[in-house]
file model-v9.tsv (TSV, N, CA, C and O atoms)
chain	number	residue	atom	x	y	z
A	287	MET	N	99.44	79.15	93.28
A	287	MET	CA	99.10	79.09	91.89
A	287	MET	C	100.15	79.86	91.11
A	287	MET	O	100.62	80.91	91.56
A	288	VAL	N	100.51	79.36	89.95
A	288	VAL	CA	101.47	80.01	89.06
A	288	VAL	C	100.81	80.18	87.70
A	288	VAL	O	100.27	79.23	87.14
A	289	ILE	N	100.84	81.43	87.18
A	289	ILE	CA	100.28	81.70	85.85
A	289	ILE	C	101.25	82.60	85.09
A	289	ILE	O	102.03	83.33	85.69
A	290	PRO	N	101.21	82.56	83.75
A	290	PRO	CA	102.02	83.49	82.98
A	290	PRO	C	101.35	84.87	82.94
A	290	PRO	O	100.12	84.97	83.04
A	291	ALA	N	102.15	85.92	82.78
A	291	ALA	CA	101.61	87.28	82.74
A	291	ALA	C	100.64	87.47	81.57
A	291	ALA	O	99.75	88.32	81.62
A	292	SER	N	100.77	86.68	80.53
A	292	SER	CA	99.92	86.82	79.35
A	292	SER	C	98.55	86.16	79.51
A	292	SER	O	97.68	86.32	78.66
A	293	SER	N	98.34	85.42	80.59
A	293	SER	CA	97.10	84.68	80.78
A	293	SER	C	95.94	85.60	81.15
A	293	SER	O	96.08	86.50	81.98
A	294	LEU	N	94.79	85.35	80.56
A	294	LEU	CA	93.54	86.02	80.90
A	294	LEU	C	92.62	84.93	81.44
A	294	LEU	O	92.17	84.06	80.69
A	295	GLU	N	92.38	84.94	82.76
A	295	GLU	CA	91.61	83.86	83.37
A	295	GLU	C	90.98	84.30	84.68
A	295	GLU	O	91.34	85.34	85.24
A	296	PHE	N	90.04	83.49	85.15
A	296	PHE	CA	89.43	83.75	86.44
A	296	PHE	C	90.33	83.21	87.55
A	296	PHE	O	90.80	82.08	87.49
A	297	LEU	N	90.56	84.04	88.53
A	297	LEU	CA	91.24	83.63	89.75
A	297	LEU	C	90.15	83.19	90.72
A	297	LEU	O	89.27	83.98	91.05
A	298	HIS	N	90.18	81.92	91.12
A	298	HIS	CA	89.18	81.36	92.03
A	298	HIS	C	89.75	81.29	93.44
A	298	HIS	O	90.87	80.84	93.64
A	299	ILE	N	88.94	81.72	94.40
A	299	ILE	CA	89.33	81.70	95.81
A	299	ILE	C	88.27	80.92	96.57
A	299	ILE	O	87.13	81.38	96.70
A	300	PRO	N	88.61	79.73	97.08
A	300	PRO	CA	87.63	78.95	97.85
A	300	PRO	C	87.24	79.69	99.12
A	300	PRO	O	88.09	80.26	99.81
A	301	VAL	N	85.94	79.69	99.41
A	301	VAL	CA	85.42	80.39	100.59
A	301	VAL	C	84.47	79.45	101.34
A	301	VAL	O	83.63	78.79	100.73
A	302	THR	N	84.61	79.40	102.65
A	302	THR	CA	83.66	78.68	103.49
A	302	THR	C	82.85	79.71	104.26
A	302	THR	O	83.38	80.34	105.18
A	303	LEU	N	81.62	79.89	103.85
A	303	LEU	CA	80.73	80.84	104.53
A	303	LEU	C	80.06	80.14	105.71
A	303	LEU	O	79.86	78.93	105.69
A	304	PRO	N	79.67	80.90	106.73
A	304	PRO	CA	78.94	80.30	107.84
A	304	PRO	C	77.63	79.66	107.35
A	304	PRO	O	77.06	80.10	106.34
A	305	ALA	N	77.18	78.64	108.05
A	305	ALA	CA	75.93	77.96	107.69
A	305	ALA	C	74.80	78.98	107.58
A	305	ALA	O	74.68	79.88	108.40
A	306	GLY	N	74.01	78.83	106.54
A	306	GLY	CA	72.84	79.68	106.35
A	306	GLY	C	73.12	81.00	105.65
A	306	GLY	O	72.19	81.76	105.39
A	307	VAL	N	74.38	81.30	105.34
A	307	VAL	CA	74.70	82.55	104.65
A	307	VAL	C	74.66	82.31	103.15
A	307	VAL	O	75.33	81.43	102.62
A	308	ASP	N	73.86	83.09	102.46
A	308	ASP	CA	73.67	82.97	101.02
A	308	ASP	C	74.75	83.76	100.30
A	308	ASP	O	74.84	84.98	100.46
A	309	PRO	N	75.61	83.12	99.48
A	309	PRO	CA	76.65	83.86	98.78
A	309	PRO	C	76.10	85.00	97.92
A	309	PRO	O	76.71	86.06	97.83
A	310	SER	N	74.94	84.78	97.28
A	310	SER	CA	74.40	85.82	96.41
A	310	SER	C	74.01	87.08	97.18
A	310	SER	O	73.86	88.14	96.60
A	311	ALA	N	73.86	86.97	98.50
A	311	ALA	CA	73.55	88.13	99.34
A	311	ALA	C	74.79	88.65	100.07
A	311	ALA	O	74.67	89.49	100.95
A	312	THR	N	75.96	88.14	99.70
A	312	THR	CA	77.20	88.50	100.37
A	312	THR	C	78.15	89.14	99.37
A	312	THR	O	78.76	88.44	98.55
A	313	PRO	N	78.30	90.47	99.40
A	313	PRO	CA	79.26	91.11	98.49
A	313	PRO	C	80.67	90.61	98.76
A	313	PRO	O	81.04	90.34	99.90
A	314	VAL	N	81.44	90.48	97.69
A	314	VAL	CA	82.82	89.99	97.81
A	314	VAL	C	83.72	90.85	96.94
A	314	VAL	O	83.35	91.24	95.82
A	315	ARG	N	84.90	91.16	97.49
A	315	ARG	CA	85.92	91.92	96.76
A	315	ARG	C	87.26	91.21	96.90
A	315	ARG	O	87.49	90.49	97.87
A	316	VAL	N	88.13	91.43	95.92
A	316	VAL	CA	89.45	90.80	95.91
A	316	VAL	C	90.50	91.87	95.63
A	316	VAL	O	90.28	92.79	94.84
A	317	ALA	N	91.65	91.73	96.29
A	317	ALA	CA	92.81	92.58	96.00
A	317	ALA	C	93.99	91.66	95.72
A	317	ALA	O	94.17	90.64	96.38
A	318	VAL	N	94.77	92.02	94.72
A	318	VAL	CA	95.98	91.27	94.37
A	318	VAL	C	97.12	92.29	94.38
A	318	VAL	O	97.16	93.17	93.52
A	319	VAL	N	97.99	92.19	95.38
A	319	VAL	CA	99.00	93.23	95.59
A	319	VAL	C	100.40	92.62	95.73
A	319	VAL	O	100.56	91.50	96.18
A	320	ALA	N	101.41	93.41	95.36
A	320	ALA	CA	102.79	92.95	95.43
A	320	ALA	C	103.46	93.35	96.74
A	320	ALA	O	104.53	92.86	97.06
A	321	HIS	N	102.84	94.21	97.52
A	321	HIS	CA	103.45	94.69	98.77
A	321	HIS	C	102.96	93.87	99.96
A	321	HIS	O	102.06	93.05	99.84
A	322	ARG	N	103.54	94.11	101.12
A	322	ARG	CA	103.22	93.35	102.34
A	322	ARG	C	102.15	94.02	103.19
A	322	ARG	O	101.70	93.45	104.18
A	323	ASN	N	101.73	95.22	102.84
A	323	ASN	CA	100.74	95.94	103.63
A	323	ASN	C	99.33	95.48	103.31
A	323	ASN	O	99.10	94.80	102.30
A	324	ASN	N	98.39	95.86	104.15
A	324	ASN	CA	96.98	95.62	103.83
A	324	ASN	C	96.63	96.40	102.57
A	324	ASN	O	97.18	97.49	102.35
A	325	PRO	N	95.74	95.88	101.74
A	325	PRO	CA	95.36	96.61	100.52
A	325	PRO	C	94.71	97.95	100.86
A	325	PRO	O	93.97	98.07	101.83
A	326	SER	N	95.00	98.94	100.03
A	326	SER	CA	94.35	100.24	100.17
A	326	SER	C	92.97	100.17	99.54
A	326	SER	O	92.65	99.22	98.80
A	327	ASP	N	92.14	101.16	99.79
A	327	ASP	CA	90.78	101.17	99.24
A	327	ASP	C	90.77	101.06	97.72
A	327	ASP	O	89.89	100.43	97.14
A	328	THR	N	91.76	101.65	97.06
A	328	THR	CA	91.77	101.65	95.59
A	328	THR	C	92.24	100.32	94.99
A	328	THR	O	92.12	100.11	93.79
A	329	GLU	N	92.79	99.42	95.82
A	329	GLU	CA	93.29	98.14	95.33
A	329	GLU	C	92.24	97.03	95.35
A	329	GLU	O	92.48	95.94	94.83
A	330	TRP	N	91.09	97.30	95.93
A	330	TRP	CA	90.02	96.29	95.98
A	330	TRP	C	89.21	96.33	94.70
A	330	TRP	O	88.94	97.39	94.15
A	331	HIS	N	88.82	95.13	94.22
A	331	HIS	CA	88.03	94.99	93.00
A	331	HIS	C	86.82	94.11	93.29
A	331	HIS	O	86.95	93.07	93.96
A	332	ASP	N	85.67	94.50	92.78
A	332	ASP	CA	84.46	93.68	92.95
A	332	ASP	C	84.66	92.34	92.28
A	332	ASP	O	85.16	92.26	91.16
A	333	ALA	N	84.27	91.30	92.97
A	333	ALA	CA	84.34	89.93	92.44
A	333	ALA	C	82.92	89.37	92.43
A	333	ALA	O	81.97	90.04	92.83
A	334	ASP	N	82.79	88.14	91.96
A	334	ASP	CA	81.48	87.48	91.99
A	334	ASP	C	81.66	86.06	92.51
A	334	ASP	O	82.75	85.65	92.88
A	335	TRP	N	80.57	85.35	92.54
A	335	TRP	CA	80.57	83.98	93.08
A	335	TRP	C	80.43	82.96	91.95
A	335	TRP	O	79.66	83.15	91.01
A	336	ALA	N	81.17	81.86	92.08
A	336	ALA	CA	81.03	80.68	91.22
A	336	ALA	C	80.93	79.51	92.17
A	336	ALA	O	81.94	78.96	92.62
A	337	GLY	N	79.70	79.18	92.55
A	337	GLY	CA	79.50	78.16	93.58
A	337	GLY	C	79.98	78.70	94.91
A	337	GLY	O	79.61	79.79	95.32
A	338	SER	N	80.89	77.98	95.56
A	338	SER	CA	81.43	78.45	96.84
A	338	SER	C	82.76	79.17	96.68
A	338	SER	O	83.42	79.49	97.67
A	339	ASP	N	83.17	79.44	95.44
A	339	ASP	CA	84.39	80.19	95.18
A	339	ASP	C	84.06	81.64	94.85
A	339	ASP	O	83.11	81.92	94.11
A	340	ALA	N	84.86	82.56	95.39
A	340	ALA	CA	84.86	83.92	94.88
A	340	ALA	C	85.74	83.88	93.63
A	340	ALA	O	86.71	83.12	93.56
A	341	ARG	N	85.41	84.69	92.63
A	341	ARG	CA	86.24	84.69	91.44
A	341	ARG	C	86.31	86.10	90.85
A	341	ARG	O	85.39	86.91	91.00
A	342	ILE	N	87.44	86.34	90.19
A	342	ILE	CA	87.64	87.62	89.53
A	342	ILE	C	88.51	87.38	88.31
A	342	ILE	O	89.44	86.56	88.34
A	343	LEU	N	88.20	88.07	87.22
A	343	LEU	CA	88.97	87.94	85.99
A	343	LEU	C	90.24	88.78	86.11
A	343	LEU	O	90.20	89.96	86.46
A	344	ILE	N	91.39	88.14	85.86
A	344	ILE	CA	92.67	88.83	85.93
A	344	ILE	C	93.42	88.64	84.63
A	344	ILE	O	93.17	87.69	83.88
A	345	GLY	N	94.33	89.55	84.35
A	345	GLY	CA	95.17	89.45	83.17
A	345	GLY	C	95.04	90.66	82.27
A	345	GLY	O	94.38	91.64	82.63
A	346	PRO	N	95.67	90.60	81.10
A	346	PRO	CA	95.67	91.74	80.19
A	346	PRO	C	94.26	92.24	79.88
A	346	PRO	O	93.35	91.46	79.63
A	347	GLY	N	94.10	93.57	79.93
A	347	GLY	CA	92.82	94.18	79.60
A	347	GLY	C	91.82	94.23	80.74
A	347	GLY	O	90.71	94.71	80.57
A	348	THR	N	92.19	93.71	81.91
A	348	THR	CA	91.30	93.75	83.07
A	348	THR	C	91.79	94.82	84.04
A	348	THR	O	92.82	95.45	83.82
A	349	GLY	N	91.10	94.99	85.13
A	349	GLY	CA	91.54	95.91	86.18
A	349	GLY	C	92.72	95.38	86.96
A	349	GLY	O	93.32	96.09	87.76
A	350	ILE	N	93.06	94.10	86.73
A	350	ILE	CA	94.19	93.48	87.43
A	350	ILE	C	95.13	92.86	86.40
A	350	ILE	O	95.05	91.69	86.06
A	351	THR	N	96.00	93.70	85.84
A	351	THR	CA	97.02	93.25	84.90
A	351	THR	C	98.32	93.10	85.68
A	351	THR	O	98.75	94.04	86.34
A	352	LEU	N	98.92	91.93	85.62
A	352	LEU	CA	100.07	91.63	86.46
A	352	LEU	C	101.33	91.37	85.63
A	352	LEU	O	101.26	90.77	84.56
A	353	THR	N	102.47	91.81	86.16
A	353	THR	CA	103.76	91.50	85.56
A	353	THR	C	104.40	90.40	86.40
A	353	THR	O	103.87	90.01	87.44
A	354	ALA	N	105.54	89.90	85.96
A	354	ALA	CA	106.21	88.81	86.68
A	354	ALA	C	106.50	89.21	88.13
A	354	ALA	O	106.91	90.33	88.40
A	355	GLY	N	106.22	88.28	89.04
A	355	GLY	CA	106.47	88.52	90.45
A	355	GLY	C	105.51	87.72	91.31
A	355	GLY	O	104.66	86.99	90.80
A	356	ASP	N	105.65	87.88	92.62
A	356	ASP	CA	104.77	87.21	93.57
A	356	ASP	C	103.79	88.22	94.16
A	356	ASP	O	104.19	89.34	94.54
A	357	TYR	N	102.53	87.83	94.25
A	357	TYR	CA	101.46	88.71	94.71
A	357	TYR	C	100.70	88.07	95.86
A	357	TYR	O	100.53	86.85	95.90
A	358	LYS	N	100.26	88.90	96.78
A	358	LYS	CA	99.39	88.46	97.86
A	358	LYS	C	97.95	88.64	97.40
A	358	LYS	O	97.59	89.70	96.89
A	359	VAL	N	97.14	87.61	97.58
A	359	VAL	CA	95.72	87.67	97.22
A	359	VAL	C	94.92	87.85	98.50
A	359	VAL	O	95.06	87.07	99.45
A	360	TRP	N	94.09	88.88	98.54
A	360	TRP	CA	93.25	89.19	99.69
A	360	TRP	C	91.79	89.09	99.28
A	360	TRP	O	91.43	89.32	98.13
A	361	ILE	N	90.95	88.73	100.24
A	361	ILE	CA	89.51	88.65	100.01
A	361	ILE	C	88.79	89.43	101.10
A	361	ILE	O	89.23	89.45	102.26
A	362	ASN	N	87.71	90.08	100.71
A	362	ASN	CA	86.88	90.85	101.64
A	362	ASN	C	85.43	90.41	101.44
A	362	ASN	O	84.90	90.51	100.33
A	363	LEU	N	84.84	89.87	102.50
A	363	LEU	CA	83.44	89.40	102.47
A	363	LEU	C	82.62	90.28	103.40
A	363	LEU	O	83.06	90.61	104.50
A	364	ASP	N	81.43	90.62	102.96
A	364	ASP	CA	80.54	91.43	103.80
A	364	ASP	C	79.19	90.72	103.94
A	364	ASP	O	78.19	91.12	103.35
A	365	PRO	N	79.16	89.63	104.76
A	365	PRO	CA	77.91	88.89	104.94
A	365	PRO	C	76.91	89.73	105.73
A	365	PRO	O	77.29	90.69	106.40
A	366	PRO	N	75.62	89.38	105.64
A	366	PRO	CA	74.62	90.10	106.44
A	366	PRO	C	75.00	90.08	107.92
A	366	PRO	O	75.55	89.10	108.42
A	367	GLY	N	74.74	91.17	108.60
A	367	GLY	CA	75.09	91.26	110.02
A	367	GLY	C	76.22	92.25	110.22
A	367	GLY	O	76.56	93.05	109.35
A	368	SER	N	76.87	92.15	111.35
A	368	SER	CA	77.88	93.15	111.71
A	368	SER	C	79.28	92.82	111.22
A	368	SER	O	80.18	93.65	111.32
A	369	GLU	N	79.51	91.61	110.71
A	369	GLU	CA	80.85	91.23	110.29
A	369	GLU	C	81.22	91.80	108.92
A	369	GLU	O	80.38	91.91	108.03
A	370	ASN	N	82.47	92.15	108.77
A	370	ASN	CA	83.07	92.48	107.48
A	370	ASN	C	84.44	91.81	107.52
A	370	ASN	O	85.35	92.28	108.19
A	371	VAL	N	84.59	90.69	106.83
A	371	VAL	CA	85.75	89.80	106.95
A	371	VAL	C	86.80	90.15	105.90
A	371	VAL	O	86.49	90.22	104.70
A	372	VAL	N	88.05	90.37	106.33
A	372	VAL	CA	89.18	90.62	105.44
A	372	VAL	C	90.25	89.58	105.77
A	372	VAL	O	90.66	89.47	106.92
A	373	ARG	N	90.69	88.83	104.76
A	373	ARG	CA	91.69	87.78	105.00
A	373	ARG	C	92.66	87.72	103.81
A	373	ARG	O	92.27	87.93	102.66
A	374	LYS	N	93.92	87.36	104.12
A	374	LYS	CA	94.86	87.04	103.05
A	374	LYS	C	94.53	85.61	102.63
A	374	LYS	O	94.52	84.71	103.43
A	375	ALA	N	94.25	85.42	101.33
A	375	ALA	CA	93.78	84.13	100.84
A	375	ALA	C	94.90	83.28	100.26
A	375	ALA	O	94.72	82.07	100.11
A	376	GLY	N	96.04	83.87	99.93
A	376	GLY	CA	97.12	83.07	99.37
A	376	GLY	C	98.10	83.89	98.57
A	376	GLY	O	98.07	85.12	98.59
A	377	ILE	N	98.96	83.18	97.85
A	377	ILE	CA	100.01	83.78	97.03
A	377	ILE	C	99.77	83.39	95.57
A	377	ILE	O	99.48	82.24	95.27
A	378	LEU	N	99.94	84.36	94.69
A	378	LEU	CA	99.85	84.13	93.25
A	378	LEU	C	101.20	84.48	92.65
A	378	LEU	O	101.69	85.60	92.84
A	379	SER	N	101.82	83.54	91.95
A	379	SER	CA	103.09	83.78	91.29
A	379	SER	C	102.83	83.97	89.79
A	379	SER	O	102.14	83.15	89.18
A	380	VAL	N	103.38	85.03	89.24
A	380	VAL	CA	103.21	85.34	87.83
A	380	VAL	C	104.59	85.25	87.16
A	380	VAL	O	105.57	85.82	87.67
A	381	THR	N	104.64	84.51	86.05
A	381	THR	CA	105.92	84.33	85.34
A	381	THR	C	105.94	85.13	84.07
A	381	THR	O	104.95	85.56	83.57
call {"tool": "encode", "arguments": {"input": "model-v9.tsv", "output": "structure tokens"}}
result
Amino acid sequence: MVIPASSLEFLHIPVTLPAGVDPSATPVRVAVVAHRNNPSDTEWHDADWAGSDARILIGPGTGITLTAGDYKVWINLDPPGSENVVRKAGILSVT
């Protein structure tokens, strides 16, 4: 995905949850980082659900204001049970 730095919009991340897992009972967080390392605790932001997509508002005035560059998008899901899933979800390019 490519967006301008001035854009204020929801970043949608498609998620396939295991059968029977209710998204509303599954906390989700997103990190958008410019480095290659795993996100630190302070880089995670609470997100919400829009159907089967996790989403978070990004852009000016939000907790995720981005300048021009390429960013790694990470997602963290905590479904009921013992799993806590962390995955790199893709690349976001900001112009």
call {"tool": "select_by_dssp", "arguments": {"input": "model-v9.tsv", "residues": "chain A", "states": "strand (DSSP E)", "output": "PyMOL selection string"}}
result
chain A and resi 288-289+295-300+314-319+331-332+334-336+339-344+355-363+371-380
call {"tool": "atom_distance", "arguments": {"input": "model-v9.tsv", "atom1": "atom CA of A:Gly337", "atom2": "atom CA of A:Ser368"}}
result
23.6 Å
call {"tool": "residues_around", "arguments": {"input": "model-v9.tsv", "residues": "A:Ser293", "least_positions_apart": "5", "cutoff": "10 Å", "atoms": "only C-alpha atoms", "output": "number ranges by chain"}}
result
A: 344-346, 351-352, 380-381
call {"tool": "atom_distance", "arguments": {"input": "model-v9.tsv", "atom1": "atom O of A:Ser326", "atom2": "atom O of A:Ile342"}}
result
16.7 Å
call {"tool": "residues_around", "arguments": {"input": "model-v9.tsv", "residues": "A:Ile299", "least_positions_apart": "5", "cutoff": "4.5 Å", "atoms": "only N, CA, C and O atoms", "output": "PyMOL selection string"}}
result
chain A and resi 338-340
call {"tool": "residues_near_point", "arguments": {"input": "model-v9.tsv", "point": "(101.3, 88.2, 92.5)", "cutoff": "4.5 Å", "atoms": "all atoms listed in the file", "output": "list in words"}}
result
Gly355, Asp356, Tyr357, Lys358 and Leu378 of chain A
call {"tool": "closest_residue", "arguments": {"input": "model-v9.tsv", "among": "A:Pro325, A:Gly376, A:Pro365, A:Gly347", "to": "A:Val307", "atoms": "only N, CA, C and O atoms"}}
result
A:Pro365
call {"tool": "residues_around", "arguments": {"input": "model-v9.tsv", "residues": "A:Ala375", "least_positions_apart": "2", "cutoff": "6 Å", "atoms": "all atoms listed in the file", "output": "PyMOL selection string"}}
result
chain A and resi 359-361+373+377
call {"tool": "closest_residue", "arguments": {"input": "model-v9.tsv", "among": "A:Val316, A:Val301, A:Met287, A:Leu294", "to": "A:Ala336", "atoms": "all atoms listed in the file"}}
result
A:Val301
call {"tool": "atom_distance", "arguments": {"input": "model-v9.tsv", "atom1": "atom CA of A:His298", "atom2": "atom CA of A:Pro313"}}
result
15.3 Å
call {"tool": "axis_aligned_box", "arguments": {"input": "model-v9.tsv", "around": "stretch 362-381 of chain A", "padding_each_side": "6 Å", "output": "JSON"}}
result
{"center_x": 90.3, "center_y": 87.9, "center_z": 97.6, "size_x": 43.3, "size_y": 23.6, "size_z": 40.1}
call {"tool": "closest_residue", "arguments": {"input": "model-v9.tsv", "among": "A:Ile289, A:Ala320, A:Ala311, A:Ile350", "to": "A:Trp335", "atoms": "only C-alpha atoms"}}
result
A:Ala311
call {"tool": "closest_residue", "arguments": {"input": "model-v9.tsv", "among": "A:Glu295, A:Asp334, A:Arg322, A:Gly349", "to": "A:Pro309", "atoms": "only N, CA, C and O atoms"}}
result
A:Asp334
call {"tool": "closest_residue", "arguments": {"input": "model-v9.tsv", "among": "A:Asn362, A:Thr353, A:Ser292, A:Thr348", "to": "A:Ala333", "atoms": "all atoms listed in the file"}}
result
A:Asn362
call {"tool": "closest_residue", "arguments": {"input": "model-v9.tsv", "among": "A:Val372, A:Ala354, A:Ala305, A:Leu363", "to": "A:Pro290", "atoms": "only C-alpha atoms"}}
result
A:Ala354
call {"tool": "select_by_dssp", "arguments": {"input": "model-v9.tsv", "residues": "chain A", "states": "helix (DSSP H, G or I)", "output": "PyMOL selection string"}}
result
chain A and resi 309-311+327-329
call {"tool": "decode", "arguments": {"input": "model-v9.tsv", "residues": "stretch 315-353 of chain A", "atoms": "C-alpha atoms", "output": "PDB file, in the first residue's frame"}}
result
ATOM      1  CA  ARG A 315      -2.640  -4.458  18.305  1.00  0.00           C
ATOM      2  CA  VAL A 316      -0.681  -3.015  15.389  1.00  0.00           C
ATOM      3  CA  ALA A 317       2.859  -1.651  15.080  1.00  0.00           C
ATOM      4  CA  VAL A 318       4.137   0.360  12.118  1.00  0.00           C
ATOM      5  CA  VAL A 319       7.922   0.642  12.263  1.00  0.00           C
ATOM      6  CA  ALA A 320      10.750   1.770   9.976  1.00  0.00           C
ATOM      7  CA  HIS A 321      13.375  -0.602  11.409  1.00  0.00           C
ATOM      8  CA  ARG A 322      13.958  -4.319  10.766  1.00  0.00           C
ATOM      9  CA  ASN A 323      13.694  -5.453  14.398  1.00  0.00           C
ATOM     10  CA  ASN A 324      10.634  -6.782  16.161  1.00  0.00           C
ATOM     11  CA  PRO A 325       8.515  -3.916  17.532  1.00  0.00           C
ATOM     12  CA  SER A 326       9.262  -2.837  21.086  1.00  0.00           C
ATOM     13  CA  ASP A 327       6.490  -2.713  23.690  1.00  0.00           C
ATOM     14  CA  THR A 328       6.078   1.046  23.196  1.00  0.00           C
ATOM     15  CA  GLU A 329       5.560   0.704  19.414  1.00  0.00           C
ATOM     16  CA  TRP A 330       2.353  -1.345  19.690  1.00  0.00           C
ATOM     17  CA  HIS A 331      -0.999   0.458  19.373  1.00  0.00           C
ATOM     18  CA  ASP A 332      -4.458  -0.875  20.187  1.00  0.00           C
ATOM     19  CA  ALA A 333      -6.499  -1.521  17.063  1.00  0.00           C
ATOM     20  CA  ASP A 334     -10.084  -2.612  16.499  1.00  0.00           C
ATOM     21  CA  TRP A 335     -12.011  -4.865  14.164  1.00  0.00           C
ATOM     22  CA  ALA A 336     -13.897  -3.982  10.968  1.00  0.00           C
ATOM     23  CA  GLY A 337     -15.375  -7.301   9.910  1.00  0.00           C
ATOM     24  CA  SER A 338     -12.435  -9.668   9.441  1.00  0.00           C
ATOM     25  CA  ASP A 339      -9.912  -6.814   9.145  1.00  0.00           C
ATOM     26  CA  ALA A 340      -7.928  -5.333  11.988  1.00  0.00           C
ATOM     27  CA  ARG A 341      -7.809  -1.572  11.552  1.00  0.00           C
ATOM     28  CA  ILE A 342      -6.072   1.408  13.064  1.00  0.00           C
ATOM     29  CA  LEU A 343      -6.248   5.114  12.270  1.00  0.00           C
ATOM     30  CA  ILE A 344      -2.911   6.457  11.015  1.00  0.00           C
ATOM     31  CA  GLY A 345      -1.709   9.866   9.918  1.00  0.00           C
ATOM     32  CA  PRO A 346      -1.398  13.394  11.280  1.00  0.00           C
ATOM     33  CA  GLY A 347      -2.769  13.839  14.797  1.00  0.00           C
ATOM     34  CA  THR A 348      -2.831  10.109  15.595  1.00  0.00           C
ATOM     35  CA  GLY A 349      -0.429   7.947  17.586  1.00  0.00           C
ATOM     36  CA  ILE A 350       1.044   6.844  14.243  1.00  0.00           C
ATOM     37  CA  THR A 351       2.207   9.890  12.285  1.00  0.00           C
ATOM     38  CA  LEU A 352       4.485   8.849   9.438  1.00  0.00           C
ATOM     39  CA  THR A 353       7.011  10.670   7.261  1.00  0.00           C
TER      40      THR A 353
END
